[in-house]
>>> print(open('model-v3.txt').read())   # compact mmCIF, C-alpha atoms and all ligand atoms
# COMPACT_ATOMS: atom_id res chain seq x y z
CA MET A 1 -3.48 -0.31 24.40
CA LYS A 2 -0.60 1.39 22.59
CA ILE A 3 0.37 -0.16 19.27
CA LEU A 4 3.54 0.70 17.34
CA VAL A 5 3.15 0.32 13.57
CA LEU A 6 6.28 -0.04 11.44
CA ASN A 7 6.75 0.06 7.70
CA THR A 8 10.39 -0.89 7.16
CA GLY A 9 12.03 -0.32 3.78
CA SER A 10 15.60 -1.02 2.73
CA SER A 11 16.76 2.47 3.75
CA SER A 12 13.78 3.89 5.62
CA VAL A 13 11.59 3.14 8.62
CA LYS A 14 8.16 4.76 8.94
CA TYR A 15 6.53 4.58 12.36
CA ARG A 16 3.20 5.46 13.87
CA VAL A 17 1.76 4.92 17.34
CA PHE A 18 -1.95 4.44 18.04
CA GLU A 19 -3.95 4.11 21.23
CA CYS A 20 -6.42 1.35 20.35
CA ASN A 21 -9.59 0.76 22.38
CA GLY A 22 -12.13 -1.59 20.84
CA ASP A 23 -13.03 -0.13 17.45
CA THR A 24 -11.55 3.31 18.14
CA ALA A 25 -7.93 4.25 17.57
CA GLU A 26 -6.29 7.55 18.44
CA ASP A 27 -3.23 8.68 16.49
CA LEU A 28 -0.48 9.49 19.04
CA ALA A 29 2.69 9.98 17.01
CA GLN A 30 4.26 9.38 13.64
CA GLY A 31 7.54 9.89 11.89
CA LEU A 32 10.05 8.66 9.39
CA ILE A 33 13.74 7.83 9.40
CA GLU A 34 15.41 8.06 5.99
CA ARG A 35 18.83 6.94 4.71
CA VAL A 36 19.10 4.13 7.27
CA GLY A 37 22.53 2.48 6.79
CA SER A 38 24.40 5.78 6.47
CA LYS A 39 25.92 8.57 8.56
CA LYS A 40 23.61 11.05 6.86
CA ALA A 41 20.29 9.72 8.11
CA ASP A 42 17.35 12.04 8.66
CA ILE A 43 14.49 11.86 11.17
CA LYS A 44 11.15 13.54 10.69
CA CYS A 45 8.85 13.34 13.67
CA ALA A 46 5.33 14.77 13.30
CA CYS A 47 4.93 15.58 16.99
CA CYS A 48 8.00 17.86 16.93
CA LEU A 49 5.98 20.54 15.17
CA GLU A 50 4.01 20.98 18.36
CA HIS A 51 6.97 21.49 20.67
CA GLU A 52 8.47 24.93 21.19
CA ASN A 53 11.68 23.54 22.59
CA GLY A 54 12.43 21.90 19.32
CA CYS A 55 12.05 18.53 17.86
CA ALA A 56 12.44 15.51 20.09
CA ALA A 57 14.11 13.93 17.06
CA GLN A 58 16.85 16.56 17.24
CA MET A 59 18.12 15.22 20.55
CA ILE A 60 19.21 12.14 18.59
CA GLY A 61 21.49 14.47 16.58
CA THR A 62 21.29 16.89 13.68
CA PRO A 63 18.70 15.72 11.15
CA GLY A 64 20.47 14.86 7.90
CA GLU A 65 23.71 14.05 9.72
CA LEU A 66 22.69 11.15 11.92
CA ASP A 67 24.70 7.96 12.20
CA ILE A 68 22.06 5.24 11.82
CA PRO A 69 24.10 2.24 10.64
CA ASP A 70 21.28 -0.31 10.55
CA HIS A 71 17.61 -1.03 11.26
CA LYS A 72 18.28 -1.79 14.93
CA ALA A 73 19.80 1.69 15.34
CA ALA A 74 16.71 3.13 13.60
CA ILE A 75 14.35 1.29 15.98
CA ASN A 76 16.43 2.48 18.95
CA ALA A 77 16.20 6.07 17.69
CA ILE A 78 12.41 5.76 17.38
CA CYS A 79 12.25 4.42 20.95
CA ARG A 80 14.26 7.40 22.22
CA ILE A 81 11.82 9.80 20.56
CA LEU A 82 8.76 8.02 21.94
CA LEU A 83 10.34 7.94 25.43
CA ASP A 84 11.39 11.61 25.32
CA GLU A 85 9.33 13.72 27.69
CA ARG A 86 8.74 16.35 24.99
CA CYS A 87 6.89 13.73 22.93
CA GLY A 88 5.31 12.19 26.00
CA ILE A 89 4.13 9.09 24.18
CA ILE A 90 5.45 6.46 26.60
CA GLN A 91 7.51 6.38 29.79
CA ASP A 92 8.64 2.80 29.39
CA LEU A 93 8.94 0.47 26.40
CA SER A 94 6.70 -2.04 28.18
CA GLU A 95 3.77 0.33 27.50
CA ILE A 96 3.86 -0.80 23.84
CA ALA A 97 1.36 -3.68 23.83
CA ALA A 98 2.21 -4.89 20.33
CA ILE A 99 4.14 -4.02 17.19
CA GLY A 100 2.37 -4.32 13.83
CA HIS A 101 4.60 -4.73 10.78
CA ARG A 102 3.67 -4.14 7.16
CA VAL A 103 4.91 -7.19 5.26
CA VAL A 104 4.46 -7.01 1.50
CA HIS A 105 4.49 -10.70 0.52
CA GLY A 106 2.96 -13.54 2.53
CA GLY A 107 2.66 -15.92 -0.43
CA GLU A 108 -0.11 -18.51 -0.11
CA ASP A 109 0.57 -19.08 3.59
CA PHE A 110 -1.34 -16.15 5.09
CA SER A 111 -4.91 -15.02 4.58
CA GLU A 112 -4.94 -12.83 7.69
CA SER A 113 -2.71 -10.91 10.08
CA THR A 114 -0.59 -13.24 12.20
CA LEU A 115 1.47 -13.31 15.40
CA ILE A 116 5.11 -13.49 14.33
CA THR A 117 6.78 -16.75 15.41
CA ASP A 118 9.89 -18.53 14.11
CA ASP A 119 7.67 -20.39 11.61
CA VAL A 120 6.16 -17.13 10.38
CA ILE A 121 9.65 -15.66 9.96
CA SER A 122 10.65 -18.70 7.88
CA ALA A 123 7.55 -18.26 5.71
CA ILE A 124 8.33 -14.55 5.16
CA GLU A 125 11.91 -15.57 4.26
CA ARG A 126 10.60 -18.04 1.67
CA CYS A 127 8.67 -15.18 0.04
CA CYS A 128 11.79 -13.01 -0.32
CA LYS A 129 12.33 -14.32 -3.86
CA LEU A 130 8.88 -12.96 -4.79
CA ALA A 131 9.42 -9.57 -3.13
CA PRO A 132 13.19 -9.09 -3.05
CA LEU A 133 12.95 -5.33 -2.45
CA HIS A 134 10.34 -5.49 0.31
CA ASN A 135 10.41 -8.67 2.42
CA PRO A 136 14.12 -8.59 3.45
CA PRO A 137 13.88 -5.13 5.08
CA ALA A 138 10.62 -6.13 6.82
CA LEU A 139 12.51 -9.09 8.32
CA GLN A 140 15.30 -6.77 9.43
CA GLY A 141 12.71 -4.61 11.20
CA ILE A 142 11.13 -7.65 12.88
CA ARG A 143 14.51 -8.93 14.08
CA ALA A 144 15.57 -5.50 15.32
CA CYS A 145 12.31 -5.15 17.30
CA ALA A 146 12.79 -8.60 18.84
CA GLU A 147 16.14 -7.38 20.21
CA VAL A 148 14.95 -3.96 21.34
CA PHE A 149 11.45 -4.82 22.64
CA LYS A 150 12.27 -8.38 23.82
CA ASN A 151 8.92 -10.12 24.41
CA VAL A 152 6.48 -7.56 23.03
CA PRO A 153 4.23 -9.49 20.59
CA GLN A 154 4.88 -8.67 16.93
CA ILE A 155 2.18 -9.05 14.30
CA ALA A 156 2.69 -9.33 10.54
CA VAL A 157 0.04 -7.66 8.36
CA PHE A 158 0.47 -8.84 4.78
CA ASP A 159 -0.24 -6.80 1.64
CA THR A 160 -1.19 -10.04 -0.09
CA ALA A 161 -3.64 -11.32 2.57
CA PHE A 162 -6.77 -9.47 1.37
CA HIS A 163 -6.34 -11.12 -2.03
CA ALA A 164 -6.26 -14.66 -0.57
CA THR A 165 -9.97 -14.97 -1.49
CA LEU A 166 -9.31 -14.80 -5.26
CA PRO A 167 -10.70 -17.96 -6.89
CA PRO A 168 -8.27 -20.18 -8.86
CA LYS A 169 -9.75 -19.00 -12.19
CA ALA A 170 -8.54 -15.52 -11.24
CA PHE A 171 -5.24 -16.25 -9.53
CA ARG A 172 -3.89 -18.91 -11.92
CA PHE A 173 -1.94 -17.88 -15.02
CA PRO A 174 -2.57 -19.94 -18.15
CA LEU A 175 0.94 -21.47 -17.95
CA PRO A 176 2.19 -25.07 -17.46
CA ASP A 177 0.79 -26.45 -14.19
CA SER A 178 4.26 -27.15 -12.74
CA LEU A 179 5.07 -23.44 -12.63
CA TYR A 180 2.25 -23.08 -10.12
CA SER A 181 2.44 -26.39 -8.28
CA GLU A 182 6.24 -26.47 -7.97
CA HIS A 183 7.21 -22.81 -8.03
CA GLY A 184 4.20 -20.88 -6.73
CA VAL A 185 3.81 -18.84 -9.93
CA ARG A 186 0.34 -17.24 -9.60
CA LYS A 187 -1.31 -13.89 -9.05
CA TYR A 188 -0.90 -12.72 -5.43
CA GLY A 189 -1.89 -9.05 -5.63
CA PHE A 190 -0.61 -6.18 -3.50
CA HIS A 191 -1.79 -3.01 -1.69
CA GLY A 192 -4.22 -5.41 0.02
CA THR A 193 -4.36 -3.49 3.30
CA SER A 194 -5.37 -0.34 1.41
CA HIS A 195 -7.99 -2.14 -0.73
CA ARG A 196 -9.37 -3.77 2.43
CA PHE A 197 -9.56 -0.47 4.33
CA VAL A 198 -11.24 1.59 1.60
CA SER A 199 -13.61 -1.18 0.47
CA ALA A 200 -14.83 -1.58 4.08
CA GLU A 201 -15.39 2.20 4.32
CA ALA A 202 -17.24 2.17 0.98
CA ILE A 203 -19.48 -0.69 2.13
CA LYS A 204 -20.42 1.37 5.22
CA LEU A 205 -21.34 4.30 2.95
CA LEU A 206 -23.45 2.09 0.68
CA ASN A 207 -25.57 1.19 3.68
CA LYS A 208 -26.82 -2.16 2.37
CA PRO A 209 -26.10 -5.79 3.31
CA VAL A 210 -22.42 -6.58 2.76
CA SER A 211 -23.35 -9.68 0.75
CA ASP A 212 -25.12 -7.48 -1.85
CA THR A 213 -22.22 -5.08 -2.45
CA ARG A 214 -19.98 -4.86 -5.52
CA VAL A 215 -17.15 -2.38 -5.08
CA ILE A 216 -14.20 -1.53 -7.34
CA THR A 217 -11.28 0.02 -5.46
CA CYS A 218 -8.70 2.08 -7.36
CA HIS A 219 -5.49 2.59 -5.36
CA LEU A 220 -3.78 5.18 -7.57
CA GLY A 221 -0.40 6.36 -6.31
CA ASN A 222 3.15 5.98 -7.49
CA GLY A 223 2.28 2.28 -7.46
CA SER A 224 -1.29 1.61 -8.59
CA SER A 225 -3.66 -1.33 -8.46
CA ILE A 226 -7.38 -2.03 -8.89
CA SER A 227 -9.46 -4.62 -7.01
CA ALA A 228 -12.94 -6.07 -7.41
CA VAL A 229 -14.58 -6.64 -4.01
CA LYS A 230 -17.81 -8.64 -4.08
CA GLY A 231 -19.75 -9.24 -0.87
CA GLY A 232 -16.80 -7.77 1.07
CA LYS A 233 -14.34 -10.29 -0.40
CA CYS A 234 -11.68 -9.57 -2.99
CA ILE A 235 -12.34 -11.64 -6.13
CA GLU A 236 -9.92 -10.01 -8.57
CA THR A 237 -6.98 -7.62 -8.49
CA SER A 238 -4.69 -6.11 -11.09
CA MET A 239 -1.18 -6.77 -9.73
CA GLY A 240 0.19 -10.27 -10.22
CA LEU A 241 3.13 -12.39 -9.09
CA THR A 242 4.97 -9.14 -8.39
CA PRO A 243 3.92 -5.47 -8.14
CA LEU A 244 4.92 -4.94 -11.79
CA GLY A 245 1.66 -6.12 -13.33
CA GLY A 246 -1.75 -4.52 -13.83
CA VAL A 247 -2.23 -0.83 -14.63
CA MET A 248 0.35 1.75 -15.68
CA MET A 249 2.24 3.34 -12.74
CA GLY A 250 4.83 6.02 -11.92
CA THR A 251 7.80 4.03 -13.26
CA ARG A 252 6.28 0.58 -14.01
CA PRO A 253 4.35 -0.33 -17.15
CA GLY A 254 1.69 -2.69 -15.79
CA ASP A 255 0.49 -5.49 -18.07
CA LEU A 256 2.42 -6.01 -21.31
CA ASP A 257 2.66 -8.54 -24.10
CA PRO A 258 4.57 -11.31 -22.25
CA TYR A 259 6.95 -11.69 -25.20
CA LEU A 260 8.20 -8.13 -24.74
CA PRO A 261 11.04 -8.85 -22.27
CA LEU A 262 12.24 -11.66 -24.58
CA PHE A 263 12.16 -9.23 -27.51
CA MET A 264 14.27 -6.78 -25.53
CA ILE A 265 16.83 -9.49 -24.75
CA LYS A 266 16.90 -11.38 -28.08
CA GLU A 267 16.39 -8.59 -30.60
CA LEU A 268 17.70 -5.53 -28.78
CA GLY A 269 20.60 -7.26 -27.01
CA MET A 270 19.59 -5.96 -23.58
CA SER A 271 20.87 -7.77 -20.48
CA VAL A 272 18.44 -9.25 -17.95
CA ASP A 273 19.45 -6.51 -15.49
CA ASP A 274 18.75 -3.82 -18.11
CA VAL A 275 15.30 -5.27 -18.75
CA ASP A 276 14.65 -5.39 -14.99
CA LYS A 277 15.68 -1.74 -14.63
CA THR A 278 13.65 -0.67 -17.67
CA LEU A 279 10.49 -2.36 -16.39
CA ASN A 280 10.79 -1.40 -12.72
CA LYS A 281 12.34 2.06 -12.87
CA GLN A 282 12.14 3.59 -16.35
CA SER A 283 8.64 2.83 -17.60
CA GLY A 284 5.12 4.01 -16.73
CA PHE A 285 4.62 7.78 -16.62
CA LEU A 286 8.38 8.32 -16.47
CA GLY A 287 8.97 6.28 -19.61
CA VAL A 288 6.22 7.93 -21.64
CA CYS A 289 6.79 11.59 -20.74
CA GLY A 290 9.97 11.86 -18.66
CA PHE A 291 8.22 12.66 -15.33
CA ASN A 292 6.68 10.40 -12.72
CA ASP A 293 4.98 12.86 -10.38
CA VAL A 294 1.50 13.38 -11.75
CA ARG A 295 1.40 16.96 -10.39
CA ASP A 296 4.30 17.90 -12.69
CA ILE A 297 2.73 16.01 -15.57
CA GLU A 298 -0.65 17.74 -15.18
CA LYS A 299 1.06 21.15 -15.15
CA ARG A 300 3.07 20.45 -18.30
CA ALA A 301 0.07 18.94 -20.07
CA SER A 302 -1.94 22.09 -19.30
CA GLU A 303 0.88 24.09 -20.93
CA GLY A 304 0.56 22.02 -24.10
CA ASP A 305 3.17 19.26 -23.60
CA ALA A 306 1.88 16.48 -25.89
CA LYS A 307 3.87 13.65 -24.25
CA CYS A 308 2.49 14.57 -20.83
CA GLN A 309 -1.05 14.71 -22.25
CA LEU A 310 -0.54 11.28 -23.82
CA ALA A 311 0.78 9.81 -20.53
CA LEU A 312 -2.30 11.08 -18.64
CA ASP A 313 -4.64 9.71 -21.33
CA MET A 314 -2.87 6.33 -21.29
CA PHE A 315 -3.21 6.08 -17.50
CA ALA A 316 -6.92 7.00 -17.43
CA TYR A 317 -7.65 4.70 -20.38
CA ARG A 318 -6.03 1.72 -18.69
CA ILE A 319 -7.75 2.33 -15.34
CA SER A 320 -11.15 2.67 -17.01
CA ALA A 321 -10.54 -0.57 -18.96
CA PHE A 322 -9.90 -2.43 -15.69
CA VAL A 323 -12.94 -0.84 -14.02
CA GLY A 324 -15.15 -1.92 -16.95
CA SER A 325 -13.82 -5.46 -16.86
CA TYR A 326 -14.30 -5.73 -13.08
CA ALA A 327 -17.89 -4.44 -13.34
CA MET A 328 -18.50 -7.25 -15.86
CA ILE A 329 -17.10 -10.04 -13.68
CA MET A 330 -19.18 -8.83 -10.70
CA GLY A 331 -22.34 -8.43 -12.80
CA GLY A 332 -22.42 -4.69 -12.07
CA CYS A 333 -20.94 -2.22 -9.67
CA ASP A 334 -22.35 -0.25 -6.70
CA ALA A 335 -19.32 1.91 -6.02
CA ILE A 336 -16.00 2.91 -7.53
CA VAL A 337 -13.51 4.06 -4.88
CA PHE A 338 -10.53 6.36 -5.50
CA THR A 339 -7.67 6.35 -3.02
CA ALA A 340 -3.89 7.04 -2.58
CA GLY A 341 -1.99 10.11 -3.83
CA ILE A 342 -3.59 10.44 -7.28
CA GLY A 343 -6.96 8.92 -6.39
CA GLU A 344 -7.48 11.16 -3.35
CA ASN A 345 -6.22 14.43 -4.82
CA ASN A 346 -6.43 14.54 -8.58
CA ALA A 347 -9.96 15.54 -9.60
CA LEU A 348 -9.02 15.88 -13.28
CA MET A 349 -7.75 12.31 -13.38
CA ARG A 350 -10.93 10.99 -11.71
CA LYS A 351 -12.96 12.88 -14.32
CA ARG A 352 -10.94 11.35 -17.17
CA ILE A 353 -11.34 7.84 -15.72
CA LEU A 354 -15.11 8.19 -15.26
CA SER A 355 -15.78 9.98 -18.57
CA ASN A 356 -17.46 6.89 -20.05
CA ALA A 357 -18.92 5.46 -16.81
CA GLY A 358 -22.47 6.71 -17.48
CA TYR A 359 -23.48 3.27 -18.81
CA LEU A 360 -22.79 1.89 -15.32
CA GLY A 361 -25.14 4.47 -13.80
CA CYS A 362 -22.12 6.41 -12.53
CA HIS A 363 -22.48 10.15 -13.25
CA LEU A 364 -19.83 12.53 -11.94
CA ASP A 365 -20.94 15.65 -10.06
CA GLU A 366 -18.22 18.05 -11.27
CA GLU A 367 -18.37 20.36 -8.27
CA ARG A 368 -18.27 17.58 -5.69
CA ASN A 369 -15.37 16.08 -7.60
CA MET A 370 -13.41 19.36 -7.72
CA ARG A 371 -13.93 19.74 -3.95
CA ASN A 372 -12.59 16.19 -3.31
CA GLU A 373 -15.83 15.33 -1.49
CA THR A 374 -16.37 11.77 -0.28
CA ILE A 375 -19.27 11.17 -2.70
CA ILE A 376 -18.44 12.65 -6.11
CA THR A 377 -21.38 11.32 -8.14
CA THR A 378 -24.85 12.83 -8.57
CA ASP A 379 -27.56 11.76 -6.13
CA GLN A 380 -29.33 9.89 -8.97
CA SER A 381 -26.30 7.72 -9.75
CA THR A 382 -26.97 4.02 -9.12
CA CYS A 383 -23.23 3.40 -9.08
CA LYS A 384 -21.51 5.81 -6.68
CA ALA A 385 -17.96 7.10 -6.90
CA PHE A 386 -16.21 7.73 -3.58
CA VAL A 387 -12.98 9.46 -2.63
CA ILE A 388 -11.71 7.69 0.50
CA ARG A 389 -8.39 8.49 2.18
CA THR A 390 -6.56 5.23 2.73
CA ASN A 391 -5.14 4.45 6.17
CA GLU A 392 -3.11 1.27 6.05
CA GLU A 393 -1.35 2.02 9.35
CA LEU A 394 -4.65 2.29 11.20
CA LEU A 395 -5.74 -1.10 9.89
CA ILE A 396 -2.36 -2.61 10.86
CA ALA A 397 -2.78 -1.20 14.39
CA ARG A 398 -6.34 -2.52 14.66
CA ASP A 399 -5.26 -5.96 13.44
CA ALA A 400 -2.33 -6.05 15.88
CA ALA A 401 -4.62 -5.05 18.77
CA LYS A 402 -7.10 -7.76 17.78
CA VAL A 403 -4.46 -10.48 17.59
CA VAL A 404 -3.12 -9.46 21.02
CA GLN A 405 -6.63 -9.48 22.53
CA GLU A 406 -7.32 -12.92 21.11
CA LEU A 407 -4.00 -14.16 22.48
CA ALA A 408 -4.78 -12.72 25.89
CA LYS A 409 -8.13 -14.52 25.83
CA SER A 410 -6.40 -17.81 25.08
CA HIS A 411 -3.69 -16.99 27.68
CA THR A 412 -0.90 -17.57 25.21
CA VAL A 413 0.66 -14.08 25.19
CA PRO A 414 4.43 -14.58 25.52
CA ALA A 415 5.57 -13.88 29.10
P1 LIG B 1 1.44 7.91 -3.35
O1 LIG B 1 2.33 6.84 -3.92
O2 LIG B 1 0.13 7.40 -2.85
O3 LIG B 1 2.16 8.81 -2.38
O4 LIG B 1 1.06 8.88 -4.59
C1 LIG B 1 2.01 9.61 -5.32
C2 LIG B 1 1.32 10.27 -6.52
O5 LIG B 1 0.21 11.04 -6.01
C3 LIG B 1 2.20 11.23 -7.29
O6 LIG B 1 2.08 11.00 -8.68
C4 LIG B 1 1.64 12.61 -6.95
O7 LIG B 1 1.67 13.44 -8.07
C5 LIG B 1 0.21 12.33 -6.58
N1 LIG B 1 -0.23 13.30 -5.56
C6 LIG B 1 0.09 13.30 -4.26
N2 LIG B 1 -0.46 14.38 -3.63
C7 LIG B 1 -1.15 15.06 -4.57
C8 LIG B 1 -1.92 16.26 -4.57
N3 LIG B 1 -2.12 16.96 -3.45
N4 LIG B 1 -2.48 16.64 -5.73
C9 LIG B 1 -2.31 15.91 -6.86
N5 LIG B 1 -1.57 14.78 -6.93
C10 LIG B 1 -1.00 14.35 -5.81
>>> encode(input="model-v3.txt", output="structure tokens")
Amino acid sequence: MKILVLNTGSSSVKYRVFECNGDTAEDLAQGLIERVGSKKADIKCACCLEHENGCAAQMIGTPGELDIPDHKAAINAICRILLDERCGIIQDLSEIAAIGHRVVHGGEDFSESTLITDDVISAIERCCKLAPLHNPPALQGIRACAEVFKNVPQIAVFDTAFHATLPPKAFRFPLPDSLYSEHGVRKYGFHGTSHRFVSAEAIKLLNKPVSDTRVITCHLGNGSSISAVKGGKCIETSMGLTPLGGVMMGTRPGDLDPYLPLFMIKELGMSVDDVDKTLNKQSGFLGVCGFNDVRDIEKRASEGDAKCQLALDMFAYRISAFVGSYAMIMGGCDAIVFTAGIGENNALMRKRILSNAGYLGCHLDEERNMRNETIITTDQSTCKAFVIRTNEELLIARDAAKVVQELAKSHTVPA
């Protein structure tokens, strides 16, 4: 069955189409529409590279000068590409068996991927206050698909769902009870689909009973988070109520002294909006050294830039501190997994992070690490380190296919 996967942002829509059969999934097409909501939108369609007659996306108009006023127009443009004979993905929209949506925040309501109904939409709406940048565009994508695809089942796959297994001692903040019971203030965690995908791959590589496995997953990209996965279940994760907490990131600081925002307001006279901007957009790597792409930072550090060197050291130090703490709460660690842009590609950063991991039985094999091999530790290491490419879209497609199959079995697929 063909599954369309959508990741809808405020001004972008990423799409991917998979042919799912049982446990296998073939990648059929992918692309991205940027600057949705403008007359200067751009479409990048991966399959166009294979077509001599030019990009199927170009028939929509000139990339960079497209009039895509809203998310519905973006979904319509994607449909035209998929239907175009040069792409050859589908001949009719009815061939799409289901649409899987990435939804960042599901709050406490969802521990697994779910068929989208009016109740589910209301629940996603209630979580908008906890993910104001992410949930509203996801809802726009869901509503646009309902108009364009009519009765095709839509499935929400939540970034928070994998962390639903955190025990209260991990997800509660030591704050007055009413903040949790009345306002839902707790740790939710994010990047859950990525942590779920790479931890499952790591467990396969460990080749021992799932219940005996202790895996630490490091999703290190522009946004970064660490999770502790014991017996296949997430028991701790670094991000909190929002994706601001945890480890240092591209433009976000991660965990801080909680008085710090008050200090900025009371002592430095900053407005709440200024504090918000400082914490979300001007901190992390960018705040420390002026750059947020780690490739640029590595280059400058190698040329002797002290601020860039400090930023890299701060990042590695913080990640290794989380890894050490997660090994402690699991009573040891069988594998440390590196994924996302930095985790998958930056061998120097992995080396910095693991420089003191020998006590865990985790010994880096420098050559394997430099070659970005899947296993980057020595054969004697009792704690392995893996480099595993994350594939959130694949997991979303698999989940959507599974939900649709279960619905078909119970004969409740919408007509
Ligand atoms: P992501 O948010 O997962 O796209 O990751 C973005 C981060 O990954 C940026 O800081 C990039 O510098 C880093 N990154 C992406 N690709 C590479 C690469 N090939 N080599 C080194 N770093 C990379």
>>> axis_aligned_box(input="model-v3.txt", around="ligand LIG 1 (chain B)", padding_each_side="6 Å", output="AutoDock Vina command-line options")
--center_x -0.1 --center_y 11.9 --center_z -5.5 --size_x 16.8 --size_y 22.1 --size_z 18.3
>>> residues_near_ligand(input="model-v3.txt", ligand="ligand LIG 1 (chain B)", cutoff="7 Å", atoms="all atoms listed in the file", output="PyMOL selection string")
chain A and resi 220-223+250+292-296+340-342+345-346
>>> closest_residue(input="model-v3.txt", among="A:Gly324, A:Leu286, A:Thr278, A:Asp334", to="Val210 of chain A", atoms="all atoms listed in the file")
A:Asp334
>>> closest_residue(input="model-v3.txt", among="A:Lys39, A:Arg186, A:Lys230, A:Lys409", to="Lys169 of chain A", atoms="only C-alpha atoms")
A:Arg186
>>> atom_distance(input="model-v3.txt", atom1="atom CA of Asp42 of chain A", atom2="atom CA of Pro63 of chain A")
4.6 Å
>>> residues_near_point(input="model-v3.txt", point="(4.2, 0.7, 22.5)", cutoff="10 Å", atoms="all atoms listed in the file", output="PyMOL selection string")
chain A and resi 1-5+16-19+79+82-83+89-99+149+152
>>> closest_residue(input="model-v3.txt", among="A:Ser12, A:Gln140, A:Ser181, A:Ser113", to="Ala156 of chain A", atoms="all atoms listed in the file")
A:Ser113
